[in-house]
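What follows is one structure encoded as structure tokens, with my remarks underneath.
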Amino acid sequence: MKKTYKIDVDCANCANKMEEATKNTEGVKDATVNFMVLKMKVEFEDGADVDAVMQEVVKNCKVVEDDCEIFL
Amino acid sequence: MTKKQKNLLLRVIIAGVCMIVLALLPLKQYPVVRFLLFLIPYLTVGYDILRKAFKGIRNKQVFDEHFLMAVATIGAMALGEYTEGVAVMWFYQIGELFQSYAVGKSRKNISELMDIRPDYANLENEDGETERVDPDDVEVGSIIVVEPGEKIPIDGVVTFGSTTLNTAALTGESLPRDAGVGDEVISGCVNMSGMIKVRTTREFEESTASKILDLVENASSRKSKSEQFITKFARIYTPAVCCSALALALVPPAVRLIMGMAPDFGDWIYRALTFLVISCPCAIVVSIPLSFFGGIGGASANGILIKGSNFMETLSEVAVAAFDKTGTITKGNFAVTGIHHTTMENEKLLELAALAESHSSHPISRSIAAAYGKEIDKSRVTDVREISGAGVIAEVDGHRVGAGNLKLMRELGVAAEECHSEGTIVHLAVDGVYAGHIVIADEIKEGSEAAIRALKAAGVRRAVMLTGDKESVARAVASKVGIDEYRAELLPADKVKAVEELIGESGPKARVAFVGDGINDAPVLSRADIGIAMGALGSDAAIEAADVVLMDDDPGKIAKAIRIAKKCLRIVKENIVFAIGVKLICLVLGALGVANMWLAIFADVGVMVICVLNAIRCLAVRSL
């Protein structure tokens with residue numbers, strides 16, 4: 001399943017880091033962060049609990065870039 | 001400006017004023033006071049960077065630009081270079097502010113260019129009253145009212161009224177289209193003249209406008225090779241520079257100590273700090289997605305949808321262009337292209353032919369009627385006899401008119417002039433005397449020849465036409481529009497094979513594009529290095545199958561798309577070479593001790609500003 005989330009982040013490099021962090025989250029199959037339109041597309045593993053996975057994603061993104069926001 | 005940006009601007013101004021005042025004050029005798037006073041502008045402008053750097057260390061994310069800036073400025077302050085320490089932070093923040101403003105500005109520009117998102121729909125309820133609702137809430141089959149000046153929010157069919165539509169936001173050309181009862185209309189068009197009612201045939205999400213917006217927004221998610229390169233580059237670059245800086249600060253003084261010289265710690269640490277400032281990767285990291293975003297956005301405003309940055313890259317390398325014929329180079333409809341050897345006025349001959357054929361609904365008859373262009377009074381025609389495979393014989397205004405092929409002429413015992421034009425020939429005989437013939441052919445689009453020339457100028461070396469049509473027709477069309485090669489009488493599967501052959505014959509850097517109208521050629525579109533579908537307005541299949549979608553059927557847009565891609569890629573390459581080049585030079589100068597902090601600031605912020613300004617040029621594609 002794929003879902004798109006609005007995000008807020010200040011720099012392009014931070015967006016790349018968020019993408020990497022999201023990809024490495026358990027339950028996430030693939031992710032792309034689009035800095036120019038401030039959107040994040042997450043593809044979940046089959047049977048993953050989307051809400052729980054996204055909580056983890058937020059946590060992991062905050063680690064690599066404290067000043068970021070994901071609007072769930 | 002957003003709140004964040006205004007806040008930062010204010011801090012930058014306060015710190016700037018502070019710095020000037022401090023520079024003018026005679027504080028040399030009071031070092032402690034001087035240090036404390038300089039802390040004011042330093043913390044004002046840089047407290048958030050210090051905080052982020054600290055948080056980064058705590059989260060084990062050490063090597064980011066905040067860390068670089070924090071270490072460099074704290075180091076400079078520790079060395080007693082207060083002005084430089086504050087200046088580095090100050091310029092860094094100015095750079096951040098500029099970057100954030102520029103990115104925000106181009107986001108806004110592009111959403112303005114792509115101003116097709118409808119905000120509301122006027123839904124008509126059973127009582128005939130209208131209500132303004134979110135277009136998301138409109139169900140398929142509802143009736144919506146579109147007033148003049150409003151955008152059509154959802155695809156549908158006109159059930160009431162007639163009007164002229166402006167499709168400029170979708171196609172980039174302001175060619176008005178007429179729409180009346182029964183016509184399909186697509187979302188994103190602006191209603192220009194009359195009120196219409198539309199029965200929706202799709203949900204908002206599935207409507208053309210939503211789909212196009214979705215496509216453009218997702219386009220920059222498909223990353224190009226340059227973007228992937230930079231992501232990888234940034235990942236190893238920052239740690240590498242940090243380690244070199246550390247080495248620069250420690251190794252030379254150690255060596256000097258061993259050799260019995262004064263270690264000069266201060267000097268080498270200063271050099272290491274300039275290293276850190278120079279190394280910030282922001283310039284390239286932000287300018288590349290910005291370039292692609294600008295290029296894709298600018299192209300979509302011209303009715304050219306490029307589905308990803310990667311396709312932008314491929315498009316810029318197209319060296320071989322294969323075309324479908326019908327609907328791409330030709331209009332795909334039959335029309336009268338010539339009237340020859342007539343014994344009467346052309347108008348009169350057309351009139352007779354149109355009348356004689358008026359009882360038939362064959363495409364040939366329709367195109368003659370269309371060329372005649374006037375109302376046909378069928379009562380003037382009597383005694384119509386269709387001769388299968390030959391033509392028609394009828395009484396028109398008391399004259400016996402035969403219209404058909406050579407076989408019919410032979411049957412009527414009339415000596416016909418042979419015609420050497422390509423297409424279908426309708427010979428006419430009036431009262432047993434040959435009266436001339438009408439040539440009907442698929443018309444070549446007005447822009448086709450110019451489009452092929454423009455493609456050649458844009459770097460396409462080989463243009464090939466692939467068609468299912470007859471050899472003779474293919475030859476004629478190809479020579480007329482200036483296409484070098486053609487392959488005729490191909491079945492759809494043969495076209496795939498032909499494209500594969502072209503790919504095999506071309507080198508790895510010479511990409512093969514296939515241009516089709518999206519009808520029946522989806523497999524070829526996806527097999528080519530890059531599939532370009534044209535005339536896609538309202539055709540889902542084409543939008544799905546192709547990598548590049550031209551909203552209208554102007555073949556000139558193909559060359560334009562390539563020019564946009566080339567410009568964008570050139571800017572990306574310029575930025576990569578310029579940013580990395582300047583940084584490397586400054587790093588070397590810094591290591592040698594030639595570069596001071598001010599040059600380092602230029603290598604960081606100056607380069608970034610130049611790269612961003614250069615990237616913004618990608619947006620300007622209208623005149624390409």
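By convention here, the chains of the structure tokens are called A, B, ... in the order presented, each chain's residues are numbered starting at 1, and ligands are numbered starting at 1 in the order presented.
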Using only C-alpha atoms, which residues sit within 7 Å of segment 57-65 of chain A once same-chain residues fewer than 2 positions away are excluded, as a list in words? Cys14, Lys17, Met18, Ala21, Thr22, Thr25, Val53, Met54, Gln55, Asp67, Cys68 and Ile70 of chain A; Asn59 and Gln61 of chain B
Under the rule of at most 6 Å, produce a per-residue listing of chain B near chain A: chain, number, name, the closest pair of atoms, and the distance in Å, as a tab-separated table, using only C-alpha atoms.
```
residue	atom	partner	partner_atom	distance
B:Asn59	CA	A:Val63	CA	5.7
B:Ser221	CA	A:Asn34	CA	5.5
B:Val285	CA	A:Asn13	CA	5.9
B:Val286	CA	A:Ala12	CA	5.1
```
File dump, residues just selected, N, CA and C atoms, as a short mmCIF file (atom, residue, chain, number, x, y, z; two decimals), in the first residue's frame:
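Generated output (part_13.cif):
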```
data_model
loop_
_atom_site.label_atom_id
_atom_site.label_comp_id
_atom_site.auth_asym_id
_atom_site.auth_seq_id
_atom_site.Cartn_x
_atom_site.Cartn_y
_atom_site.Cartn_z
N ASN B 59 22.12 12.75 18.79
CA ASN B 59 21.45 11.71 18.01
C ASN B 59 22.42 10.91 17.15
N SER B 221 9.75 13.15 -7.87
CA SER B 221 10.11 12.05 -6.98
C SER B 221 10.92 10.99 -7.70
N VAL B 285 23.34 20.35 -3.32
CA VAL B 285 22.23 19.52 -2.86
C VAL B 285 20.90 20.21 -3.11
N VAL B 286 20.85 21.52 -2.97
CA VAL B 286 19.56 22.17 -3.20
C VAL B 286 19.35 22.54 -4.66
#
```
Any idea what's packed within 6 Å of segment 560-565 of chain B, counting only C-alpha atoms, ignoring anything in its chain fewer than 2 positions away? Could you give it as a ChimeraX atom specification? /B:312,315-316,557-558,567-568
With C-alpha atoms retained, could you export that selection as an mmCIF file, in the first residue's frame?
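New file selection_16.cif:
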```
data_model
loop_
_atom_site.group_PDB
_atom_site.id
_atom_site.type_symbol
_atom_site.label_atom_id
_atom_site.label_comp_id
_atom_site.auth_asym_id
_atom_site.auth_seq_id
_atom_site.Cartn_x
_atom_site.Cartn_y
_atom_site.Cartn_z
ATOM 1 C CA MET B 312 14.187 14.742 -18.361
ATOM 2 C CA LEU B 315 15.018 13.330 -23.171
ATOM 3 C CA SER B 316 18.120 15.495 -23.283
ATOM 4 C CA LYS B 557 6.294 20.483 -28.925
ATOM 5 C CA ILE B 558 8.576 17.450 -29.301
ATOM 6 C CA LYS B 567 18.632 23.468 -20.972
ATOM 7 C CA CYS B 568 17.738 21.956 -17.629
#
```
Spatial neighbours of Val28 of chain A, 7 Å, only C-alpha atoms, chain gap at least 2 places, as JSON, numbers by chain: {"A": [23, 25, 26, 30, 42, 43, 44, 45]}
Go ahead and save the picked residues with C-alpha atoms, as a short mmCIF file (atom, residue, chain, number, x, y, z; two decimals), in the first residue's frame.
```
data_model
loop_
_atom_site.label_atom_id
_atom_site.label_comp_id
_atom_site.auth_asym_id
_atom_site.auth_seq_id
_atom_site.Cartn_x
_atom_site.Cartn_y
_atom_site.Cartn_z
CA LYS A 23 13.42 3.63 4.03
CA THR A 25 12.17 1.89 9.11
CA GLU A 26 10.68 -1.53 9.67
CA ASP A 30 10.11 2.07 -0.15
CA VAL A 42 5.65 5.82 1.65
CA GLU A 43 5.10 2.31 0.37
CA PHE A 44 4.35 -0.11 3.19
CA GLU A 45 5.16 -3.79 3.45
#
```
For Cys242 of chain B: contacts at 10 Å, only C-alpha atoms, fewer than 3 positions along chain excluded, given as a PyMOL selection string: chain B and resi 63-64+67-68+237-239+245-248+272-273+275-276+279
Prev. selection, C-alpha atoms, output as an mmCIF file, in the first residue's frame:
```cif
data_model
loop_
_atom_site.group_PDB
_atom_site.id
_atom_site.type_symbol
_atom_site.label_atom_id
_atom_site.label_comp_id
_atom_site.auth_asym_id
_atom_site.auth_seq_id
_atom_site.Cartn_x
_atom_site.Cartn_y
_atom_site.Cartn_z
ATOM 1 C CA PHE B 63 28.475 15.207 10.151
ATOM 2 C CA ASP B 64 25.879 17.649 9.014
ATOM 3 C CA PHE B 67 27.979 20.684 12.947
ATOM 4 C CA LEU B 68 30.411 22.101 10.411
ATOM 5 C CA TYR B 237 31.825 14.173 1.104
ATOM 6 C CA THR B 238 31.003 15.784 4.452
ATOM 7 C CA PRO B 239 32.628 13.121 6.650
ATOM 8 C CA ALA B 245 40.104 19.076 8.517
ATOM 9 C CA LEU B 246 40.982 17.176 11.649
ATOM 10 C CA ALA B 247 44.108 15.822 9.980
ATOM 11 C CA LEU B 248 45.000 19.303 8.807
ATOM 12 C CA ALA B 272 41.213 23.446 9.246
ATOM 13 C CA LEU B 273 38.305 25.717 10.126
ATOM 14 C CA PHE B 275 38.128 23.797 5.382
ATOM 15 C CA LEU B 276 34.956 23.130 7.324
ATOM 16 C CA SER B 279 32.943 22.058 2.633
#
```
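The list of residues with at least one atom within 10 Å of Asn333 of chain B, based on only C-alpha atoms and without residues fewer than 5 positions apart in the same chain, reads Thr326, Gly327, Pro363, Ser367, Ala441, Asp442, Glu443 and Ile444 of chain B.
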Let's have the selection written as a PDB file, in the first residue's frame, with N, CA and C atoms.
```pdb
ATOM      1  N   THR B 326       0.072   8.215 -38.652  1.00  0.00           N
ATOM      2  CA  THR B 326      -1.281   8.731 -38.539  1.00  0.00           C
ATOM      3  C   THR B 326      -1.517   9.329 -37.155  1.00  0.00           C
ATOM      4  N   GLY B 327      -1.942  10.580 -37.144  1.00  0.00           N
ATOM      5  CA  GLY B 327      -2.242  11.220 -35.871  1.00  0.00           C
ATOM      6  C   GLY B 327      -1.035  11.913 -35.258  1.00  0.00           C
ATOM      7  N   PRO B 363     -16.364   7.614 -45.113  1.00  0.00           N
ATOM      8  CA  PRO B 363     -15.445   8.714 -44.768  1.00  0.00           C
ATOM      9  C   PRO B 363     -15.078   9.576 -45.971  1.00  0.00           C
ATOM     10  N   SER B 367     -15.626  13.566 -46.253  1.00  0.00           N
ATOM     11  CA  SER B 367     -14.565  14.555 -46.430  1.00  0.00           C
ATOM     12  C   SER B 367     -14.852  15.448 -47.635  1.00  0.00           C
ATOM     13  N   ALA B 441      -6.773  12.714 -49.161  1.00  0.00           N
ATOM     14  CA  ALA B 441      -5.670  12.075 -48.441  1.00  0.00           C
ATOM     15  C   ALA B 441      -5.657  12.544 -47.001  1.00  0.00           C
ATOM     16  N   ASP B 442      -4.954  11.779 -46.219  1.00  0.00           N
ATOM     17  CA  ASP B 442      -4.721  12.179 -44.843  1.00  0.00           C
ATOM     18  C   ASP B 442      -3.820  13.413 -44.916  1.00  0.00           C
ATOM     19  N   GLU B 443      -4.216  14.470 -44.276  1.00  0.00           N
ATOM     20  CA  GLU B 443      -3.435  15.709 -44.386  1.00  0.00           C
ATOM     21  C   GLU B 443      -2.237  15.676 -43.451  1.00  0.00           C
ATOM     22  N   ILE B 444      -1.143  16.213 -43.943  1.00  0.00           N
ATOM     23  CA  ILE B 444       0.021  16.370 -43.077  1.00  0.00           C
ATOM     24  C   ILE B 444      -0.235  17.590 -42.197  1.00  0.00           C
TER      25      ILE B 444
END
```
What's around Leu213 of chain B at 12 Å? Count only C-alpha atoms, leave out sequence neighbours fewer than 5 positions away in its own chain, and write the answer as a ChimeraX atom specification. /A:37 /B:110-118,169-170,187-188,204-208,218-219,296-297,300-301,305-307
Residues just named, written with N, CA and C atoms as a PDB file, in the first residue's frame:
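The new file result_1.pdb reads:
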```
ATOM      1  N   VAL A  37       8.062  19.641  -3.511  1.00  0.00           N
ATOM      2  CA  VAL A  37       6.629  19.792  -3.242  1.00  0.00           C
ATOM      3  C   VAL A  37       6.286  19.471  -1.787  1.00  0.00           C
TER       4      VAL A  37
ATOM      5  N   ILE B 110       5.480  27.862  -9.727  1.00  0.00           N
ATOM      6  CA  ILE B 110       5.025  26.703 -10.471  1.00  0.00           C
ATOM      7  C   ILE B 110       3.568  26.418 -10.187  1.00  0.00           C
ATOM      8  N   SER B 111       3.152  26.609  -8.949  1.00  0.00           N
ATOM      9  CA  SER B 111       1.732  26.344  -8.707  1.00  0.00           C
ATOM     10  C   SER B 111       0.879  27.386  -9.414  1.00  0.00           C
ATOM     11  N   GLU B 112       1.442  28.587  -9.631  1.00  0.00           N
ATOM     12  CA  GLU B 112       0.689  29.577 -10.406  1.00  0.00           C
ATOM     13  C   GLU B 112       0.635  29.199 -11.882  1.00  0.00           C
ATOM     14  N   LEU B 113       1.780  28.719 -12.382  1.00  0.00           N
ATOM     15  CA  LEU B 113       1.815  28.292 -13.781  1.00  0.00           C
ATOM     16  C   LEU B 113       0.835  27.154 -14.013  1.00  0.00           C
ATOM     17  N   MET B 114       0.772  26.281 -13.026  1.00  0.00           N
ATOM     18  CA  MET B 114      -0.091  25.112 -13.148  1.00  0.00           C
ATOM     19  C   MET B 114      -1.424  25.392 -12.479  1.00  0.00           C
ATOM     20  N   ASP B 115      -1.982  26.535 -12.802  1.00  0.00           N
ATOM     21  CA  ASP B 115      -3.179  26.969 -12.099  1.00  0.00           C
ATOM     22  C   ASP B 115      -4.405  26.261 -12.657  1.00  0.00           C
ATOM     23  N   ILE B 116      -4.467  24.952 -12.480  1.00  0.00           N
ATOM     24  CA  ILE B 116      -5.628  24.237 -12.998  1.00  0.00           C
ATOM     25  C   ILE B 116      -6.414  23.557 -11.887  1.00  0.00           C
ATOM     26  N   ARG B 117      -5.940  23.725 -10.652  1.00  0.00           N
ATOM     27  CA  ARG B 117      -6.662  23.042  -9.576  1.00  0.00           C
ATOM     28  C   ARG B 117      -7.957  23.777  -9.263  1.00  0.00           C
ATOM     29  N   PRO B 118      -9.080  23.096  -9.483  1.00  0.00           N
ATOM     30  CA  PRO B 118     -10.348  23.748  -9.183  1.00  0.00           C
ATOM     31  C   PRO B 118     -10.582  23.711  -7.674  1.00  0.00           C
ATOM     32  N   ALA B 169      -4.448  26.591 -19.837  1.00  0.00           N
ATOM     33  CA  ALA B 169      -3.772  26.068 -18.650  1.00  0.00           C
ATOM     34  C   ALA B 169      -3.333  24.621 -18.853  1.00  0.00           C
ATOM     35  N   LEU B 170      -4.029  23.906 -19.734  1.00  0.00           N
ATOM     36  CA  LEU B 170      -3.680  22.504 -19.975  1.00  0.00           C
ATOM     37  C   LEU B 170      -2.678  22.352 -21.105  1.00  0.00           C
ATOM     38  N   SER B 187     -11.775  18.724 -17.075  1.00  0.00           N
ATOM     39  CA  SER B 187     -11.507  19.652 -15.982  1.00  0.00           C
ATOM     40  C   SER B 187     -10.208  20.403 -16.248  1.00  0.00           C
ATOM     41  N   GLY B 188     -10.135  21.601 -15.721  1.00  0.00           N
ATOM     42  CA  GLY B 188      -8.950  22.422 -15.912  1.00  0.00           C
ATOM     43  C   GLY B 188      -9.163  23.473 -16.980  1.00  0.00           C
ATOM     44  N   PHE B 204     -13.588  13.447  -8.875  1.00  0.00           N
ATOM     45  CA  PHE B 204     -12.604  14.522  -8.926  1.00  0.00           C
ATOM     46  C   PHE B 204     -11.183  13.967  -9.027  1.00  0.00           C
ATOM     47  N   GLU B 205     -10.906  12.972  -8.196  1.00  0.00           N
ATOM     48  CA  GLU B 205      -9.566  12.362  -8.163  1.00  0.00           C
ATOM     49  C   GLU B 205      -9.146  11.807  -9.513  1.00  0.00           C
ATOM     50  N   GLU B 206     -10.143  11.309 -10.270  1.00  0.00           N
ATOM     51  CA  GLU B 206      -9.861  10.655 -11.543  1.00  0.00           C
ATOM     52  C   GLU B 206      -9.916  11.633 -12.710  1.00  0.00           C
ATOM     53  N   SER B 207     -10.287  12.878 -12.428  1.00  0.00           N
ATOM     54  CA  SER B 207     -10.450  13.847 -13.494  1.00  0.00           C
ATOM     55  C   SER B 207      -9.097  14.317 -14.020  1.00  0.00           C
ATOM     56  N   THR B 208      -9.142  14.840 -15.253  1.00  0.00           N
ATOM     57  CA  THR B 208      -7.910  15.235 -15.928  1.00  0.00           C
ATOM     58  C   THR B 208      -7.053  16.180 -15.086  1.00  0.00           C
ATOM     59  N   ASN B 218       4.437  14.310  -8.684  1.00  0.00           N
ATOM     60  CA  ASN B 218       5.219  13.095  -8.478  1.00  0.00           C
ATOM     61  C   ASN B 218       6.446  13.037  -9.358  1.00  0.00           C
ATOM     62  N   ALA B 219       6.452  13.884 -10.392  1.00  0.00           N
ATOM     63  CA  ALA B 219       7.542  13.812 -11.357  1.00  0.00           C
ATOM     64  C   ALA B 219       8.892  13.976 -10.675  1.00  0.00           C
ATOM     65  N   ILE B 296      10.572  20.882 -15.033  1.00  0.00           N
ATOM     66  CA  ILE B 296       9.341  20.102 -15.174  1.00  0.00           C
ATOM     67  C   ILE B 296       8.126  21.021 -15.050  1.00  0.00           C
ATOM     68  N   GLY B 297       8.196  21.944 -14.099  1.00  0.00           N
ATOM     69  CA  GLY B 297       7.094  22.883 -13.899  1.00  0.00           C
ATOM     70  C   GLY B 297       6.916  23.796 -15.100  1.00  0.00           C
ATOM     71  N   SER B 300       5.416  21.875 -17.975  1.00  0.00           N
ATOM     72  CA  SER B 300       3.980  21.593 -17.861  1.00  0.00           C
ATOM     73  C   SER B 300       3.146  22.824 -18.148  1.00  0.00           C
ATOM     74  N   ALA B 301       3.679  23.988 -17.833  1.00  0.00           N
ATOM     75  CA  ALA B 301       2.940  25.202 -18.161  1.00  0.00           C
ATOM     76  C   ALA B 301       2.838  25.384 -19.668  1.00  0.00           C
ATOM     77  N   LEU B 305       4.071  17.443 -20.351  1.00  0.00           N
ATOM     78  CA  LEU B 305       4.214  16.809 -19.049  1.00  0.00           C
ATOM     79  C   LEU B 305       5.357  15.810 -19.111  1.00  0.00           C
ATOM     80  N   ILE B 306       6.358  16.025 -18.280  1.00  0.00           N
ATOM     81  CA  ILE B 306       7.487  15.108 -18.220  1.00  0.00           C
ATOM     82  C   ILE B 306       7.350  14.364 -16.903  1.00  0.00           C
ATOM     83  N   LYS B 307       7.292  13.033 -16.995  1.00  0.00           N
ATOM     84  CA  LYS B 307       6.857  12.293 -15.814  1.00  0.00           C
ATOM     85  C   LYS B 307       7.920  12.091 -14.751  1.00  0.00           C
TER      86      LYS B 307
END
```
Go through segment 350-469 of chain B residue by residue and, counting only C-alpha atoms, keep those with an atom at most 10 Å from segment 506-529 of chain B; for each kept residue give the shortest atom pair and its distance in Å to one decimal, ordered by chain and increasing number, as a tab-separated table.
```
residue	atom	partner	partner_atom	distance
B:Val460	CA	B:Ala510	CA	9.2
B:Arg461	CA	B:Ala510	CA	9.3
B:Arg462	CA	B:Val512	CA	9.4
B:Ala463	CA	B:Ala513	CA	9.7
B:Val464	CA	B:Phe514	CA	9.3
B:Met465	CA	B:Val515	CA	9.5
B:Leu466	CA	B:Phe514	CA	9.5
```
If you run DSSP over the backbone, which residues in chain A end up helix (DSSP H, G or I)? Put them as a list of chain:residue names.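 Helix (DSSP H, G or I) members of chain A, listed: A:Ala12, A:Asn13, A:Cys14, A:Ala15, A:Asn16, A:Lys17, A:Met18, A:Glu19, A:Glu20, A:Ala21, A:Thr22, A:Lys23, A:Val50, A:Asp51, A:Ala52, A:Val53, A:Met54, A:Gln55, A:Glu56, A:Val57, A:Val58, A:Lys59, A:Asn60, A:Cys61, A:Lys62, A:Val63, A:Val64.
With atom CA of Phe323 of chain B on one side and atom CA of Arg366 of chain B on the other, the separation reads 27.6 Å.
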Atom-to-atom span, atom CA of Leu589 of chain B and atom CA of Thr274 of chain B, Å: 9.7 Å
Taking the DSSP assignment computed from this structure's backbone, write out as a list in words all residues of segment 6-63 of chain A that belong to strand (DSSP E).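 Those in segment 6-63 of chain A that DSSP calls strand (DSSP E) are Lys6, Ile7, Asp8, Val28, Lys29, Asp30, Ala31, Thr32, Val33, Asn34, Lys39, Met40, Lys41, Val42, Glu43 and Phe44 of chain A.
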Store the residues picked out above, limited to N, CA and C atoms, as a tab-separated table (two decimals), in the first residue's frame.
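Full text of again22.tsv as output:
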```tsv
chain	number	residue	atom	x	y	z
A	6	LYS	N	2.05	15.04	3.78
A	6	LYS	CA	2.67	16.37	3.68
A	6	LYS	C	3.77	16.46	4.71
A	7	ILE	N	4.86	17.12	4.34
A	7	ILE	CA	5.94	17.27	5.31
A	7	ILE	C	6.38	18.72	5.35
A	8	ASP	N	7.19	19.04	6.33
A	8	ASP	CA	7.81	20.36	6.34
A	8	ASP	C	9.26	20.19	6.76
A	28	VAL	N	8.45	-0.44	6.18
A	28	VAL	CA	8.44	0.42	5.00
A	28	VAL	C	9.17	-0.29	3.86
A	29	LYS	N	8.47	-0.42	2.74
A	29	LYS	CA	9.07	-1.10	1.59
A	29	LYS	C	9.94	-0.11	0.82
A	30	ASP	N	9.35	1.05	0.56
A	30	ASP	CA	10.11	2.07	-0.15
A	30	ASP	C	9.54	3.44	0.21
A	31	ALA	N	10.37	4.45	0.05
A	31	ALA	CA	9.90	5.79	0.36
A	31	ALA	C	10.62	6.80	-0.52
A	32	THR	N	9.88	7.85	-0.90
A	32	THR	CA	10.53	8.96	-1.57
A	32	THR	C	10.09	10.23	-0.88
A	33	VAL	N	11.06	11.11	-0.65
A	33	VAL	CA	10.73	12.41	-0.09
A	33	VAL	C	10.99	13.43	-1.17
A	34	ASN	N	9.96	14.21	-1.44
A	34	ASN	CA	10.08	15.21	-2.48
A	34	ASN	C	10.21	16.57	-1.82
A	39	LYS	N	6.41	16.71	-0.02
A	39	LYS	CA	5.55	15.55	0.18
A	39	LYS	C	6.39	14.31	0.32
A	40	MET	N	5.86	13.37	1.03
A	40	MET	CA	6.57	12.13	1.27
A	40	MET	C	5.66	10.99	0.86
A	41	LYS	N	6.20	10.09	0.05
A	41	LYS	CA	5.40	8.96	-0.41
A	41	LYS	C	5.98	7.72	0.24
A	42	VAL	N	5.16	7.00	0.95
A	42	VAL	CA	5.65	5.82	1.65
A	42	VAL	C	4.92	4.59	1.12
A	43	GLU	N	5.69	3.58	0.76
A	43	GLU	CA	5.10	2.31	0.37
A	43	GLU	C	5.33	1.33	1.51
A	44	PHE	N	4.23	0.76	2.03
A	44	PHE	CA	4.35	-0.11	3.19
A	44	PHE	C	4.48	-1.57	2.78
```
